[in-house]
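Q: Can you read through this structure? Questions will come right after.
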Amino acid sequence: MASEMTWSDRRAQEVLREVATGQPLVHCLTNIVVAGFTANVLLAVGASPAMVENVEEAGPFAAIAGAVLVNLGTLSMEREVAMRAAAAAAATARHPWVLDPVAVGALAHRTRFATELLASGPAVVRGNASEIMSLAGQGPGGRGVDARAGSEQALDAASALARVVGGVVAVSGVVDYVTDGSSVVAVPGGSPLMTKVTGVGCALGALVAAFVAVEGDVLLAAAAASAVLAAAGERAAARAPRPGSFAVGLVDELAVLCDEVL
Amino acid sequence: MASEMTWSDRRAQEVLREVATGQPLVHCLTNIVVAGFTANVLLAVGASPAMVENVEEAGPFAAIAGAVLVNLGTLSMEREVAMRAAAAAAATARHPWVLDPVAVGALAHRTRFATELLASGPAVVRGNASEIMSLAGQGPGGRGVDARAGSEQALDAASALARVVGGVVAVSGVVDYVTDGSSVVAVPGGSPLMTKVTGVGCALGALVAAFVAVEGDVLLAAAAASAVLAAAGERAAARAPRPGSFAVGLVDELAVLCDEVL
Amino acid sequence: MASEMTWSDRRAQEVLREVATGQPLVHCLTNIVVAGFTANVLLAVGASPAMVENVEEAGPFAAIAGAVLVNLGTLSMEREVAMRAAAAAAATARHPWVLDPVAVGALAHRTRFATELLASGPAVVRGNASEIMSLAGQGPGGRGVDARAGSEQALDAASALARVVGGVVAVSGVVDYVTDGSSVVAVPGGSPLMTKVTGVGCALGALVAAFVAVEGDVLLAAAAASAVLAAAGERAAARAPRPGSFAVGLVDELAVLCDEVL
């Protein structure tokens with residue numbers, strides 16, 4: 001049985017407050033499509049984003065950051081070397097890192113790469129249903145960044161993957177599910193507009209990184225990040241029903257939520 | 001004599017409806033400046049963008065995408081190898097691909113590179129007047145991404161280039177012209193604000209890719225993409241006369257146009 | 001004693017007018033997070049941005065651009081080679097170039113790299129207090145892109161660095177300071193929201209490049225760029241107190257300021 005978390009849950013509000021006051025440094029190795037949006041989402045909740053993705057610096061920086069995000073959206077030869085180094089450095093420093101396996105399953109190269117990175121023990125893997133199923137060795141994979149399978153279909157794969165990794169797996173969908181392999185937290189809410197704007201899923205991965213940087217209960221942290229983003233999405237959709245202004249409103253509403261807990 | 005196409009043309013509306021219902025997967029190899037905006041423009045009309053630009057994946061992904069966009073804005077050594085592979089794979093798979101020769105003419109290296117890519121037979125080449133004239137071997141080239149020559153000055157070059165490539169050439173300007181080397185379609189409208197925001201031309205290249213993915217009449221598809229963007233630009237400019245909010249409004253209005261045809 | 005510059009200073013308005021009418025070509029080697037925002041900021045004031053960052057083109061393009069921006073945000077092996085070439089080509093062509101030493105001090109690699117680039121004689125170095133102190137060989141460095149030290153604490157370092165470089169150094173903070181090693185100009189104003197949105201500091205570096213492209217008095221040009229951005233920030237904050245819409249409003253207000261001087 002899944003428990004449920006929403007923004008009205010005081011624990012979600014508490015973790016957001018920890019982020020806003022702790023201002024964790026979040027080291028992002030992410031993609032060229034969403035890098036700016038991701039930084040603005042992190043800034044909106046009070047975190048300190050820093051995108052460092054070159055081979056010389058990714059390892060050393062991961063060792064000083066509060067958490068690391070590795071998002072596979074736009075891989076390059078250099079980014080892959082940097083991602084390996086960052087994941088390994090985070091593991092050595094016992095800093096949590098988050099894997100966002102964008103489009104894994106659709107392309108063999110990144111499926112292998114993501115599988116290899118799992119050895120560095122991500123605190124959280126966050127993806128859509130087809131990405132999580134592929135990474136768990138189930139399902140044929142999607143066709144890229146969009147999820148065709150429902151998040152509930154990936155629950156078994158998510159639990160299995162969480163147990164293999166020894167971490168938490170978050171599956172995004174109409175309802176987000178977050179699991180550590182035994183407990184499952186369902187996060188309902190959000191808005192269909194969140195799938196009509198690029199980078200919302202990627203930004204959730206970044207929020208999860210910020211949240212695990214300040215909250216040691218990784219399952220709680222990841223669920224709280226989902227609940228915060230879902231609440232911001234609902235509020236933004238109510239004010240701005242078109243995608244361009246929705247994306248702007250989503251960042252605004254994250255800042256409003258932040259103000260509410262301070 | 002050029003025929004004319006605007007948003008009021010039922011054929012333009014019909015192609016947009018094909019995109020919105022077909023949700024074509026558009027593989028974009030584009031630049032770091034406009035990647036996010038491009039993805040949001042594609043999502044606004046219902047297409048599925050995926051930016052994959054590394055050497056291992058660009059070829060295989062082009063073979064499964066509905067169409068491919070190759071935009072030369074911010075080249076890198078790896079991106080060039082990936083672009084060659086993607087264009088060749090699209091040609092082999094007989095999937096249409098679109099070349100956006102950003103700043104060709106201003107820099108010798110990319111002029112040679114774009115010329116080389118033409119051998120893979122793009123379905124559409126979309127650029128401003130100086131880029132198209134340079135690629136056709138005419139004119140001294142511009143100084144970068146802005147067009148100084150009027151689009152009508154590039155009409156002969158566009159026709160010649162279309163015949164050489166065996167495809168369609170689209171020249172952006174106050175009036176856009178789209179030609180297959182014999183017929184010419186003029187697309188008036190739009191707004192001067194479309195030149196005050198980065199990535200509008202690049203987003204048009206991406207829209208053209210989405211439109212040719214679902215519509216086999218390439219001349220019609222490219223003209224319809226121009227007409228849709230022009231209409232969105234006019235509407236956005238009427239609501240938001242400043243560039244920051246105009247860019248947001250442009251994405252909103254594309255989604256509105258989409259709703260109108262569904 | 002520092003003199004002061006604000007938007008109400010006719011000299012600031014005059015330099016903005018020179019940019020809007022001269023439309024300088026600004027060659028930006030910048031980072032994946034802020035590239036789009038930077039381009040939109042430059043377009044809003046009438047400048048012509050062009051991001052060219054590959055090894056084959058960065059040198060030749062720097063030689064034809066009005067000014068060059070080198071921003072170290074997201075380094076890569078190729079970008080570093082391109083940056084070296086661009087800085088050297090700008091120096092040879094006696095075109096002004098601006099160094100934005102993002103996160104210098106926090107990471108040894110980029111601290112060495114920035115120090116090396118100083119040999120090519122930037123017209124302006126623009127950074128926050130910890131970056132400037134680190135580059136001047138003072139202070140332990142920050143933890144990334146955010147400034148913990150106040151700008152006034154970096155005044156001595158800025159003056160020393162300006163004298164070593166033979167150029168101007170601008171320190172961003174609650175009050176911006178711009179110095180050539182003897183005179184100091186203080187630029188008050190702006191808004192705390194400017195630190196809650198990614199890329200505002202980076203966009204200031206780009207504005208400085210546009211301003212030095214048209215105004216030979218580098219100290220005046222750099223101070224005017226700060227004053228213009230501060231005024232736009234104040235106006236945007238008055239209309240849009242949340243970060244998402246503030247970023248949009250900042251671009252809008254830059255265009256409004258531009259209209260006011262034309």
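Letters A, B, ... go to the chains of the structure tokens in the order shown; residues in each chain start at 1; ligands are counted from 1 in the same order.
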For chain C, which residues have at least one atom within 10 Å of chain A, if we go by only C-alpha atoms? Write them as a ChimeraX atom specification, please.
A: /C:31-37,73-79,103,106-110,143-146,195-199,240-248
Q: Counting only C-alpha atoms, what is within 10 Å of C:Ala160, bar same-chain residues fewer than 5 positions away, as a list in words?
A: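 The residues satisfying every condition are Met133, Ala136, Gly137, Ala154, Leu155, Val165, Gly166, Val169, Thr179, Asp180, Gly181 and Ser182 of chain C.
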Q: Could you save the residues just selected, with N, CA and C atoms, as a PDB file, in the first residue's frame?
A:
```
ATOM      1  N   MET C 133      38.476  38.884  -6.202  1.00  0.00           N
ATOM      2  CA  MET C 133      39.536  38.737  -5.204  1.00  0.00           C
ATOM      3  C   MET C 133      40.421  37.542  -5.534  1.00  0.00           C
ATOM      4  N   ALA C 136      42.682  38.317  -8.394  1.00  0.00           N
ATOM      5  CA  ALA C 136      43.725  39.255  -7.977  1.00  0.00           C
ATOM      6  C   ALA C 136      44.724  38.599  -7.040  1.00  0.00           C
ATOM      7  N   GLY C 137      44.503  37.319  -6.755  1.00  0.00           N
ATOM      8  CA  GLY C 137      45.435  36.611  -5.875  1.00  0.00           C
ATOM      9  C   GLY C 137      45.140  36.823  -4.408  1.00  0.00           C
ATOM     10  N   ALA C 154      35.913  43.917  -2.180  1.00  0.00           N
ATOM     11  CA  ALA C 154      36.802  43.552  -3.285  1.00  0.00           C
ATOM     12  C   ALA C 154      37.393  44.770  -3.970  1.00  0.00           C
ATOM     13  N   LEU C 155      37.162  45.956  -3.415  1.00  0.00           N
ATOM     14  CA  LEU C 155      37.597  47.171  -4.103  1.00  0.00           C
ATOM     15  C   LEU C 155      39.112  47.246  -4.266  1.00  0.00           C
ATOM     16  N   VAL C 165      46.236  44.332 -15.215  1.00  0.00           N
ATOM     17  CA  VAL C 165      45.708  44.004 -16.532  1.00  0.00           C
ATOM     18  C   VAL C 165      45.829  45.182 -17.496  1.00  0.00           C
ATOM     19  N   GLY C 166      45.877  46.373 -16.946  1.00  0.00           N
ATOM     20  CA  GLY C 166      45.845  47.557 -17.804  1.00  0.00           C
ATOM     21  C   GLY C 166      44.462  47.770 -18.389  1.00  0.00           C
ATOM     22  N   VAL C 169      38.098  46.869 -14.176  1.00  0.00           N
ATOM     23  CA  VAL C 169      37.523  45.750 -13.438  1.00  0.00           C
ATOM     24  C   VAL C 169      36.191  46.192 -12.837  1.00  0.00           C
ATOM     25  N   THR C 179      36.272  50.097 -11.823  1.00  0.00           N
ATOM     26  CA  THR C 179      37.508  50.865 -11.596  1.00  0.00           C
ATOM     27  C   THR C 179      38.543  50.567 -12.675  1.00  0.00           C
ATOM     28  N   ASP C 180      39.342  51.574 -12.964  1.00  0.00           N
ATOM     29  CA  ASP C 180      40.475  51.390 -13.875  1.00  0.00           C
ATOM     30  C   ASP C 180      41.792  51.362 -13.106  1.00  0.00           C
ATOM     31  N   GLY C 181      41.682  51.265 -11.807  1.00  0.00           N
ATOM     32  CA  GLY C 181      42.880  51.204 -10.986  1.00  0.00           C
ATOM     33  C   GLY C 181      43.188  52.525 -10.316  1.00  0.00           C
ATOM     34  N   SER C 182      42.592  53.589 -10.839  1.00  0.00           N
ATOM     35  CA  SER C 182      42.738  54.872 -10.147  1.00  0.00           C
ATOM     36  C   SER C 182      41.355  55.442  -9.821  1.00  0.00           C
TER      37      SER C 182
END
```
Q: When distances are computed from only C-alpha atoms, which of A:Val81, A:Leu229, A:Ala86, A:Leu219 shows the smallest separation from A:Gly59?
A: A:Ala86
Q: As a tab-separated table (two decimals) with N, CA and C atoms, in the first residue's frame, please: all residues of stretch 9-237 of chain C that backbone DSSP puts in alpha helix (DSSP H).
A:
```
chain	number	residue	atom	x	y	z
C	10	ARG	N	23.21	61.36	-17.91
C	10	ARG	CA	23.08	61.45	-19.36
C	10	ARG	C	24.14	60.65	-20.11
C	11	ARG	N	25.29	60.47	-19.48
C	11	ARG	CA	26.33	59.70	-20.17
C	11	ARG	C	25.94	58.24	-20.32
C	12	ALA	N	25.26	57.70	-19.31
C	12	ALA	CA	24.79	56.31	-19.43
C	12	ALA	C	23.78	56.20	-20.57
C	13	GLN	N	22.88	57.14	-20.62
C	13	GLN	CA	21.87	57.13	-21.69
C	13	GLN	C	22.52	57.26	-23.06
C	14	GLU	N	23.56	58.08	-23.11
C	14	GLU	CA	24.24	58.30	-24.39
C	14	GLU	C	24.92	57.02	-24.89
C	15	VAL	N	25.57	56.30	-23.99
C	15	VAL	CA	26.23	55.07	-24.43
C	15	VAL	C	25.19	54.03	-24.86
C	16	LEU	N	24.09	53.97	-24.15
C	16	LEU	CA	23.03	53.04	-24.58
C	16	LEU	C	22.54	53.41	-25.98
C	17	ARG	N	22.41	54.71	-26.21
C	17	ARG	CA	21.99	55.15	-27.54
C	17	ARG	C	23.01	54.75	-28.61
C	18	GLU	N	24.27	54.85	-28.28
C	18	GLU	CA	25.32	54.42	-29.23
C	18	GLU	C	25.18	52.93	-29.55
C	19	VAL	N	24.86	52.12	-28.54
C	19	VAL	CA	24.68	50.69	-28.77
C	19	VAL	C	23.47	50.45	-29.67
C	20	ALA	N	22.36	51.11	-29.32
C	20	ALA	CA	21.11	50.87	-30.05
C	20	ALA	C	21.21	51.30	-31.51
C	21	THR	N	21.98	52.34	-31.76
C	21	THR	CA	22.12	52.79	-33.14
C	21	THR	C	23.28	52.08	-33.85
C	22	GLY	N	24.34	51.79	-33.13
C	22	GLY	CA	25.51	51.14	-33.74
C	22	GLY	C	25.33	49.65	-33.94
C	35	ALA	N	23.08	31.11	-22.27
C	35	ALA	CA	23.32	31.56	-23.65
C	35	ALA	C	22.07	32.23	-24.24
C	36	GLY	N	20.91	31.62	-24.06
C	36	GLY	CA	19.69	32.19	-24.62
C	36	GLY	C	19.32	33.51	-23.96
C	37	PHE	N	19.39	33.56	-22.65
C	37	PHE	CA	19.07	34.79	-21.93
C	37	PHE	C	20.04	35.91	-22.33
C	38	THR	N	21.31	35.57	-22.44
C	38	THR	CA	22.32	36.55	-22.84
C	38	THR	C	22.00	37.13	-24.21
C	39	ALA	N	21.66	36.27	-25.15
C	39	ALA	CA	21.33	36.74	-26.50
C	39	ALA	C	20.12	37.67	-26.45
C	40	ASN	N	19.11	37.31	-25.66
C	40	ASN	CA	17.92	38.16	-25.59
C	40	ASN	C	18.20	39.51	-24.93
C	41	VAL	N	19.07	39.52	-23.96
C	41	VAL	CA	19.47	40.79	-23.32
C	41	VAL	C	20.18	41.68	-24.34
C	42	LEU	N	21.08	41.09	-25.10
C	42	LEU	CA	21.81	41.89	-26.11
C	42	LEU	C	20.85	42.41	-27.18
C	43	LEU	N	19.96	41.55	-27.65
C	43	LEU	CA	18.99	41.99	-28.67
C	43	LEU	C	18.10	43.11	-28.13
C	44	ALA	N	17.76	43.03	-26.86
C	44	ALA	CA	16.85	44.03	-26.28
C	44	ALA	C	17.43	45.44	-26.33
C	58	ALA	N	36.31	30.41	-33.71
C	58	ALA	CA	36.33	31.40	-32.63
C	58	ALA	C	37.37	32.49	-32.88
C	59	GLY	N	38.54	32.11	-33.35
C	59	GLY	CA	39.57	33.11	-33.64
C	59	GLY	C	39.18	34.04	-34.78
C	60	PRO	N	38.90	33.48	-35.96
C	60	PRO	CA	38.50	34.35	-37.08
C	60	PRO	C	37.30	35.25	-36.75
C	61	PHE	N	36.33	34.73	-36.01
C	61	PHE	CA	35.14	35.54	-35.74
C	61	PHE	C	35.46	36.68	-34.77
C	62	ALA	N	36.33	36.41	-33.80
C	62	ALA	CA	36.71	37.47	-32.86
C	62	ALA	C	37.35	38.64	-33.60
C	63	ALA	N	38.02	38.33	-34.70
C	63	ALA	CA	38.71	39.38	-35.44
C	63	ALA	C	37.74	40.27	-36.22
C	64	ILE	N	36.50	39.81	-36.42
C	64	ILE	CA	35.54	40.66	-37.15
C	64	ILE	C	34.44	41.21	-36.23
C	77	MET	N	36.75	21.17	-22.96
C	77	MET	CA	38.09	21.17	-23.56
C	77	MET	C	38.09	22.02	-24.82
C	78	GLU	N	37.07	21.85	-25.67
C	78	GLU	CA	37.05	22.60	-26.92
C	78	GLU	C	36.81	24.08	-26.67
C	79	ARG	N	35.89	24.38	-25.74
C	79	ARG	CA	35.61	25.79	-25.46
C	79	ARG	C	36.87	26.52	-24.96
C	80	GLU	N	37.68	25.83	-24.18
C	80	GLU	CA	38.89	26.48	-23.67
C	80	GLU	C	39.85	26.84	-24.81
C	81	VAL	N	40.02	25.92	-25.74
C	81	VAL	CA	40.89	26.21	-26.89
C	81	VAL	C	40.31	27.38	-27.68
C	82	ALA	N	39.00	27.36	-27.87
C	82	ALA	CA	38.34	28.43	-28.62
C	82	ALA	C	38.47	29.76	-27.89
C	83	MET	N	38.35	29.73	-26.58
C	83	MET	CA	38.46	30.97	-25.80
C	83	MET	C	39.86	31.58	-25.90
C	84	ARG	N	40.86	30.71	-25.80
C	84	ARG	CA	42.24	31.20	-25.95
C	84	ARG	C	42.40	31.89	-27.32
C	85	ALA	N	41.90	31.22	-28.35
C	85	ALA	CA	42.04	31.75	-29.71
C	85	ALA	C	41.27	33.06	-29.86
C	86	ALA	N	40.08	33.12	-29.29
C	86	ALA	CA	39.27	34.33	-29.43
C	86	ALA	C	39.90	35.51	-28.69
C	87	ALA	N	40.39	35.26	-27.49
C	87	ALA	CA	41.01	36.35	-26.73
C	87	ALA	C	42.26	36.86	-27.45
C	88	ALA	N	43.05	35.92	-27.97
C	88	ALA	CA	44.27	36.32	-28.67
C	88	ALA	C	43.94	37.09	-29.95
C	89	ALA	N	42.94	36.61	-30.68
C	89	ALA	CA	42.57	37.28	-31.94
C	89	ALA	C	42.01	38.67	-31.67
C	90	ALA	N	41.23	38.79	-30.62
C	90	ALA	CA	40.70	40.11	-30.27
C	90	ALA	C	41.84	41.05	-29.91
C	91	ALA	N	42.81	40.55	-29.15
C	91	ALA	CA	43.95	41.38	-28.77
C	91	ALA	C	44.73	41.83	-30.00
C	92	THR	N	44.96	40.90	-30.89
C	92	THR	CA	45.70	41.23	-32.11
C	92	THR	C	44.97	42.27	-32.95
C	108	ALA	N	40.40	25.15	-8.96
C	108	ALA	CA	41.78	25.48	-9.33
C	108	ALA	C	41.96	25.55	-10.84
C	109	HIS	N	41.32	24.65	-11.56
C	109	HIS	CA	41.52	24.61	-13.01
C	109	HIS	C	41.13	25.92	-13.67
C	110	ARG	N	39.95	26.42	-13.35
C	110	ARG	CA	39.52	27.65	-14.03
C	110	ARG	C	40.22	28.88	-13.48
C	111	THR	N	40.71	28.78	-12.27
C	111	THR	CA	41.50	29.89	-11.75
C	111	THR	C	42.79	30.04	-12.55
C	112	ARG	N	43.43	28.90	-12.83
C	112	ARG	CA	44.63	28.94	-13.67
C	112	ARG	C	44.30	29.42	-15.08
C	113	PHE	N	43.20	28.93	-15.61
C	113	PHE	CA	42.82	29.28	-16.98
C	113	PHE	C	42.52	30.78	-17.10
C	114	ALA	N	41.78	31.30	-16.15
C	114	ALA	CA	41.46	32.73	-16.18
C	114	ALA	C	42.73	33.57	-16.05
C	115	THR	N	43.61	33.13	-15.20
C	115	THR	CA	44.87	33.85	-15.02
C	115	THR	C	45.66	33.87	-16.31
C	116	GLU	N	45.67	32.74	-16.99
C	116	GLU	CA	46.36	32.64	-18.28
C	116	GLU	C	45.74	33.61	-19.29
C	117	LEU	N	44.41	33.67	-19.33
C	117	LEU	CA	43.74	34.54	-20.30
C	117	LEU	C	44.05	36.02	-20.07
C	129	ALA	N	32.49	39.61	-6.05
C	129	ALA	CA	33.62	39.94	-5.18
C	129	ALA	C	34.59	38.77	-5.03
C	130	SER	N	34.07	37.58	-4.80
C	130	SER	CA	35.00	36.47	-4.55
C	130	SER	C	35.78	36.11	-5.80
C	131	GLU	N	35.13	36.22	-6.96
C	131	GLU	CA	35.85	35.94	-8.21
C	131	GLU	C	36.97	36.96	-8.45
C	132	ILE	N	36.66	38.22	-8.23
C	132	ILE	CA	37.67	39.26	-8.46
C	132	ILE	C	38.82	39.14	-7.45
C	133	MET	N	38.48	38.88	-6.20
C	133	MET	CA	39.54	38.74	-5.20
C	133	MET	C	40.42	37.54	-5.53
C	134	SER	N	39.81	36.45	-5.96
C	134	SER	CA	40.61	35.27	-6.31
C	134	SER	C	41.52	35.56	-7.49
C	135	LEU	N	40.98	36.22	-8.50
C	135	LEU	CA	41.77	36.49	-9.69
C	135	LEU	C	42.91	37.47	-9.40
C	155	LEU	N	37.16	45.96	-3.42
C	155	LEU	CA	37.60	47.17	-4.10
C	155	LEU	C	39.11	47.25	-4.27
C	156	ASP	N	39.84	46.92	-3.22
C	156	ASP	CA	41.29	46.96	-3.33
C	156	ASP	C	41.78	45.94	-4.36
C	157	ALA	N	41.21	44.75	-4.29
C	157	ALA	CA	41.60	43.71	-5.24
C	157	ALA	C	41.28	44.15	-6.67
C	158	ALA	N	40.12	44.77	-6.84
C	158	ALA	CA	39.72	45.21	-8.18
C	158	ALA	C	40.70	46.25	-8.72
C	159	SER	N	41.08	47.18	-7.88
C	159	SER	CA	42.02	48.22	-8.32
C	159	SER	C	43.37	47.61	-8.68
C	160	ALA	N	43.83	46.72	-7.84
C	160	ALA	CA	45.12	46.07	-8.12
C	160	ALA	C	45.06	45.28	-9.42
C	161	LEU	N	43.97	44.54	-9.60
C	161	LEU	CA	43.83	43.73	-10.82
C	161	LEU	C	43.75	44.63	-12.06
C	162	ALA	N	43.03	45.73	-11.94
C	162	ALA	CA	42.91	46.66	-13.07
C	162	ALA	C	44.28	47.18	-13.49
C	163	ARG	N	45.10	47.48	-12.50
C	163	ARG	CA	46.43	48.00	-12.82
C	163	ARG	C	47.30	46.92	-13.47
C	164	VAL	N	47.21	45.70	-12.98
C	164	VAL	CA	47.99	44.60	-13.55
C	164	VAL	C	47.56	44.35	-15.00
C	165	VAL	N	46.24	44.33	-15.21
C	165	VAL	CA	45.71	44.00	-16.53
C	165	VAL	C	45.83	45.18	-17.50
C	200	VAL	N	21.93	36.83	-14.75
C	200	VAL	CA	21.91	38.29	-14.75
C	200	VAL	C	23.34	38.85	-14.71
C	201	GLY	N	24.17	38.25	-13.89
C	201	GLY	CA	25.57	38.67	-13.89
C	201	GLY	C	26.23	38.41	-15.23
C	202	CYS	N	25.97	37.24	-15.78
C	202	CYS	CA	26.53	36.89	-17.09
C	202	CYS	C	26.03	37.85	-18.17
C	203	ALA	N	24.75	38.22	-18.08
C	203	ALA	CA	24.20	39.17	-19.05
C	203	ALA	C	24.86	40.53	-18.90
C	204	LEU	N	25.23	40.89	-17.66
C	204	LEU	CA	25.94	42.15	-17.49
C	204	LEU	C	27.29	42.10	-18.21
C	205	GLY	N	27.98	40.99	-18.11
C	205	GLY	CA	29.23	40.85	-18.86
C	205	GLY	C	29.02	41.06	-20.35
C	206	ALA	N	27.92	40.53	-20.86
C	206	ALA	CA	27.62	40.68	-22.29
C	206	ALA	C	27.28	42.14	-22.62
C	207	LEU	N	26.53	42.79	-21.75
C	207	LEU	CA	26.22	44.21	-21.97
C	207	LEU	C	27.50	45.05	-21.96
C	208	VAL	N	28.39	44.73	-21.03
C	208	VAL	CA	29.65	45.46	-20.98
C	208	VAL	C	30.38	45.31	-22.32
C	209	ALA	N	30.37	44.11	-22.87
C	209	ALA	CA	31.02	43.90	-24.17
C	209	ALA	C	30.37	44.76	-25.25
C	210	ALA	N	29.04	44.79	-25.26
C	210	ALA	CA	28.34	45.62	-26.26
C	210	ALA	C	28.68	47.10	-26.07
C	211	PHE	N	28.80	47.52	-24.82
C	211	PHE	CA	29.04	48.94	-24.55
C	211	PHE	C	30.48	49.34	-24.90
C	212	VAL	N	31.44	48.46	-24.61
C	212	VAL	CA	32.83	48.80	-24.96
C	212	VAL	C	33.06	48.70	-26.47
C	213	ALA	N	32.15	48.00	-27.16
C	213	ALA	CA	32.29	47.93	-28.62
C	213	ALA	C	32.03	49.28	-29.28
C	214	VAL	N	31.24	50.11	-28.63
C	214	VAL	CA	30.87	51.40	-29.24
C	214	VAL	C	31.46	52.60	-28.52
C	218	VAL	N	36.49	53.10	-21.66
C	218	VAL	CA	36.08	51.79	-21.14
C	218	VAL	C	35.46	51.89	-19.75
C	219	LEU	N	36.00	52.75	-18.93
C	219	LEU	CA	35.45	52.92	-17.58
C	219	LEU	C	34.00	53.41	-17.67
C	220	LEU	N	33.79	54.41	-18.50
C	220	LEU	CA	32.43	54.93	-18.72
C	220	LEU	C	31.52	53.83	-19.28
C	221	ALA	N	32.00	53.11	-20.28
C	221	ALA	CA	31.18	52.08	-20.92
C	221	ALA	C	30.74	51.02	-19.92
C	222	ALA	N	31.68	50.54	-19.12
C	222	ALA	CA	31.36	49.48	-18.17
C	222	ALA	C	30.41	49.98	-17.08
C	223	ALA	N	30.62	51.21	-16.63
C	223	ALA	CA	29.73	51.77	-15.61
C	223	ALA	C	28.34	51.99	-16.19
C	224	ALA	N	28.27	52.44	-17.42
C	224	ALA	CA	26.98	52.67	-18.07
C	224	ALA	C	26.21	51.37	-18.22
C	225	ALA	N	26.91	50.30	-18.58
C	225	ALA	CA	26.24	49.00	-18.71
C	225	ALA	C	25.63	48.58	-17.38
C	226	SER	N	26.39	48.77	-16.30
C	226	SER	CA	25.86	48.45	-14.97
C	226	SER	C	24.65	49.30	-14.63
C	227	ALA	N	24.73	50.57	-14.96
C	227	ALA	CA	23.63	51.48	-14.63
C	227	ALA	C	22.37	51.15	-15.41
C	228	VAL	N	22.55	50.78	-16.66
C	228	VAL	CA	21.39	50.42	-17.49
C	228	VAL	C	20.73	49.16	-16.94
C	229	LEU	N	21.54	48.15	-16.61
C	229	LEU	CA	20.96	46.90	-16.10
C	229	LEU	C	20.31	47.12	-14.74
C	230	ALA	N	20.92	47.96	-13.91
C	230	ALA	CA	20.34	48.24	-12.59
C	230	ALA	C	18.98	48.91	-12.74
C	231	ALA	N	18.87	49.85	-13.68
C	231	ALA	CA	17.60	50.55	-13.89
C	231	ALA	C	16.54	49.57	-14.40
C	232	ALA	N	16.92	48.73	-15.34
C	232	ALA	CA	15.97	47.74	-15.85
C	232	ALA	C	15.54	46.79	-14.74
C	233	GLY	N	16.48	46.41	-13.89
C	233	GLY	CA	16.16	45.52	-12.78
C	233	GLY	C	15.19	46.15	-11.79
C	234	GLU	N	15.40	47.41	-11.48
C	234	GLU	CA	14.47	48.09	-10.56
C	234	GLU	C	13.07	48.16	-11.14
C	235	ARG	N	12.99	48.52	-12.40
C	235	ARG	CA	11.67	48.64	-13.02
C	235	ARG	C	10.98	47.28	-13.12
C	236	ALA	N	11.74	46.28	-13.50
C	236	ALA	CA	11.15	44.94	-13.63
C	236	ALA	C	10.67	44.43	-12.27
C	237	ALA	N	11.45	44.68	-11.23
C	237	ALA	CA	11.07	44.21	-9.90
C	237	ALA	C	9.80	44.89	-9.41
```
Q: Record the distance separating atom CA of A:Val175 and atom CA of A:Ala238, expressed in Å with one decimal.
A: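 A separation of 18.5 Å between them.
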